[in-house]
Amino acid sequence: MRASATLERVIDEQDFPIRHGVFVAVAGPSGAGKDSVMDYARQRLRPHDSDVTFVRRVITREIDGAGEAHDCLTRAAFNEAETGGAFAVSWEANGLKYALPASVDGIVREGHVAVANVSRAVIPLLRERYGNVIVVIVTASPEVLAQRLSNRGRETRDEVLARLDRAHAKELTVNDATVIDNSGALEEAGERFQDILRRAAAWSAVSDSV
């Protein structure tokens, strides 16, 4: 007996890459203002932009009120969740472990737009997992990066310099990415990012039929 078209599609959608919806991967050096640019767009979403979901990351860092809002796990709890398949993707950077919840797969599979701050090193994995990935690199001039990192008060001068070295490492260059310079007014970078989200939403609306 032949399975129904709906059932066939459900079975087919268990495979990767997930070809419905769009994943918007936001990356860039520390201090570039990725969270600020994303928050700018999030606060200006209109009712018909409900298909856009900003994904909350899981990090092995306590919430200090100064950084992004994230879900915090101890390293042991993170490792257990990772082993149990709780994450879509995970990575390690700057002595911390990061992940995106497995629920992201459902968001994209249902034809919506998922937006997340990620490491540039994990973008190849995202492109394997999702058929439609838009990569956005938010950056800033070295002088601006150094000032912003120093203002955080989280790191020593040597740690700041190490971050800047990583920011310009050739091996972290991402092909086919849209670069947004956030050295100046947040509004300029934020509006550019909003345009990208509108394009992603339009793309996701037709991704199910192409």
# chains A, B, ... in the order shown; residues from 1 in each chain; ligands from 1
call {"tool": "residues_around", "arguments": {"residues": "Ser30 in chain A", "least_positions_apart": "5", "cutoff": "12 Å", "atoms": "only C-alpha atoms", "output": "number ranges by chain"}}
result
A: 35-36, 67, 93-94, 117-120, 137-142, 144-150, 152, 154-155, 159-168, 182
call {"tool": "write_last_selection", "arguments": {"atoms": "C-alpha atoms", "output": "PDB file, in the first residue's frame"}}
result
ATOM      1  CA  ASP A  35      23.493  41.198  20.296  1.00  0.00           C
ATOM      2  CA  SER A  36      22.791  44.927  19.952  1.00  0.00           C
ATOM      3  CA  GLY A  67      25.508  40.143  28.350  1.00  0.00           C
ATOM      4  CA  ALA A  93      34.895  28.849  22.463  1.00  0.00           C
ATOM      5  CA  ASN A  94      36.709  31.074  24.954  1.00  0.00           C
ATOM      6  CA  ASN A 117      24.249  34.253  17.345  1.00  0.00           C
ATOM      7  CA  VAL A 118      26.776  31.552  16.503  1.00  0.00           C
ATOM      8  CA  SER A 119      30.486  30.916  16.200  1.00  0.00           C
ATOM      9  CA  ARG A 120      31.880  31.239  12.700  1.00  0.00           C
ATOM     10  CA  ILE A 137      28.978  38.761   9.812  1.00  0.00           C
ATOM     11  CA  VAL A 138      28.706  41.741  12.159  1.00  0.00           C
ATOM     12  CA  THR A 139      32.052  43.441  12.572  1.00  0.00           C
ATOM     13  CA  ALA A 140      33.678  46.747  13.539  1.00  0.00           C
ATOM     14  CA  SER A 141      37.018  48.484  13.222  1.00  0.00           C
ATOM     15  CA  PRO A 142      39.879  47.175  15.412  1.00  0.00           C
ATOM     16  CA  VAL A 144      36.122  50.052  18.179  1.00  0.00           C
ATOM     17  CA  LEU A 145      36.478  46.367  19.036  1.00  0.00           C
ATOM     18  CA  ALA A 146      39.318  47.060  21.456  1.00  0.00           C
ATOM     19  CA  GLN A 147      37.362  49.830  23.199  1.00  0.00           C
ATOM     20  CA  ARG A 148      34.199  47.773  23.546  1.00  0.00           C
ATOM     21  CA  LEU A 149      36.035  44.740  24.872  1.00  0.00           C
ATOM     22  CA  SER A 150      37.922  46.863  27.385  1.00  0.00           C
ATOM     23  CA  ARG A 152      33.232  45.080  29.419  1.00  0.00           C
ATOM     24  CA  ARG A 154      35.682  40.905  31.812  1.00  0.00           C
ATOM     25  CA  GLU A 155      39.151  40.425  30.379  1.00  0.00           C
ATOM     26  CA  GLU A 159      42.887  38.491  26.581  1.00  0.00           C
ATOM     27  CA  VAL A 160      41.479  41.422  24.605  1.00  0.00           C
ATOM     28  CA  LEU A 161      44.409  41.290  22.202  1.00  0.00           C
ATOM     29  CA  ALA A 162      43.935  37.537  21.790  1.00  0.00           C
ATOM     30  CA  ARG A 163      40.294  38.071  20.874  1.00  0.00           C
ATOM     31  CA  LEU A 164      41.271  40.657  18.276  1.00  0.00           C
ATOM     32  CA  ASP A 165      43.792  38.247  16.779  1.00  0.00           C
ATOM     33  CA  ARG A 166      41.082  35.609  16.456  1.00  0.00           C
ATOM     34  CA  ALA A 167      38.743  38.167  14.914  1.00  0.00           C
ATOM     35  CA  HIS A 168      41.096  38.622  11.986  1.00  0.00           C
ATOM     36  CA  ASN A 182      28.736  48.184  13.215  1.00  0.00           C
TER      37      ASN A 182
END
call {"tool": "residues_around", "arguments": {"residues": "Ile59 in chain A", "least_positions_apart": "3", "cutoff": "7 Å", "atoms": "only C-alpha atoms", "output": "list in words"}}
result
His70, Asp71, Cys72, Leu73, Leu96, Lys97, Tyr98 and Ala99 of chain A
call {"tool": "closest_residue", "arguments": {"among": "A:Arg129, A:Arg192, A:His112, A:Arg199", "to": "Asp51 in chain A", "atoms": "only C-alpha atoms"}}
result
A:His112
call {"tool": "residues_around", "arguments": {"residues": "Gly131 in chain A", "least_positions_apart": "2", "cutoff": "9 Å", "atoms": "only C-alpha atoms", "output": "mmCIF file with N, CA and C atoms, in the first residue's frame"}}
result
data_model
loop_
_atom_site.group_PDB
_atom_site.id
_atom_site.type_symbol
_atom_site.label_atom_id
_atom_site.label_comp_id
_atom_site.auth_asym_id
_atom_site.auth_seq_id
_atom_site.Cartn_x
_atom_site.Cartn_y
_atom_site.Cartn_z
ATOM 1 N N PHE A 16 18.428 15.224 6.802
ATOM 2 C CA PHE A 16 19.083 16.518 6.729
ATOM 3 C C PHE A 16 19.753 16.660 5.370
ATOM 4 N N PRO A 17 19.890 17.864 4.857
ATOM 5 C CA PRO A 17 19.509 19.123 5.504
ATOM 6 C C PRO A 17 18.011 19.366 5.471
ATOM 7 N N ILE A 18 17.529 20.110 6.446
ATOM 8 C CA ILE A 18 16.127 20.513 6.481
ATOM 9 C C ILE A 18 15.954 21.614 5.440
ATOM 10 N N ARG A 19 15.064 21.407 4.484
ATOM 11 C CA ARG A 19 14.992 22.296 3.329
ATOM 12 C C ARG A 19 13.871 23.326 3.397
ATOM 13 N N HIS A 20 13.098 23.334 4.461
ATOM 14 C CA HIS A 20 12.043 24.334 4.605
ATOM 15 C C HIS A 20 12.500 25.411 5.580
ATOM 16 N N GLY A 21 12.032 26.625 5.383
ATOM 17 C CA GLY A 21 12.414 27.705 6.279
ATOM 18 C C GLY A 21 13.826 28.185 6.029
ATOM 19 N N VAL A 22 14.281 29.088 6.895
ATOM 20 C CA VAL A 22 15.597 29.708 6.732
ATOM 21 C C VAL A 22 16.267 29.847 8.096
ATOM 22 N N PHE A 23 17.547 29.567 8.139
ATOM 23 C CA PHE A 23 18.332 29.801 9.348
ATOM 24 C C PHE A 23 19.239 30.994 9.079
ATOM 25 N N LEU A 126 26.033 24.079 10.348
ATOM 26 C CA LEU A 126 24.702 24.617 10.126
ATOM 27 C C LEU A 126 24.285 24.436 8.668
ATOM 28 N N ARG A 127 25.219 24.612 7.760
ATOM 29 C CA ARG A 127 24.902 24.445 6.339
ATOM 30 C C ARG A 127 24.633 22.988 5.985
ATOM 31 N N GLU A 128 25.177 22.082 6.758
ATOM 32 C CA GLU A 128 24.863 20.667 6.566
ATOM 33 C C GLU A 128 23.485 20.330 7.120
ATOM 34 N N ARG A 129 23.096 21.035 8.161
ATOM 35 C CA ARG A 129 21.837 20.712 8.844
ATOM 36 C C ARG A 129 20.631 21.396 8.217
ATOM 37 N N VAL A 133 20.540 28.703 4.508
ATOM 38 C CA VAL A 133 21.263 29.410 5.562
ATOM 39 C C VAL A 133 21.758 30.754 5.027
#
call {"tool": "atom_distance", "arguments": {"atom1": "CA of Val24 in chain A", "atom2": "CA of Met38 in chain A"}}
result
10.9 Å
call {"tool": "closest_residue", "arguments": {"among": "A:Val108, A:Val113, A:Val179, A:Leu197", "to": "Val52 in chain A", "atoms": "only C-alpha atoms"}}
result
A:Val113
call {"tool": "residues_around", "arguments": {"residues": "Ala189 in chain A", "least_positions_apart": "5", "cutoff": "7 Å", "atoms": "only C-alpha atoms", "output": "list in words"}}
result
Val37, Ile180, Asp181 and Asn182 of chain A
call {"tool": "select_by_dssp", "arguments": {"residues": "range 14-168 of chain A", "states": "strand (DSSP E or B)", "output": "PyMOL selection string"}}
result
chain A and resi 18+22-27+52-54+58-59+71-72+87-93+96-101+113-117+130+133-139
call {"tool": "select_by_dssp", "arguments": {"residues": "range 15-195 of chain A", "states": "alpha helix (DSSP H)", "output": "ChimeraX atom specification"}}
result
/A:34-43,75-83,103-109,123-129,142-152,157-167,186-195
call {"tool": "residues_around", "arguments": {"residues": "range 83-88 of chain A", "least_positions_apart": "3", "cutoff": "7 Å", "atoms": "only C-alpha atoms", "output": "PyMOL selection string"}}
result
chain A and resi 79-80+99-102+104-105
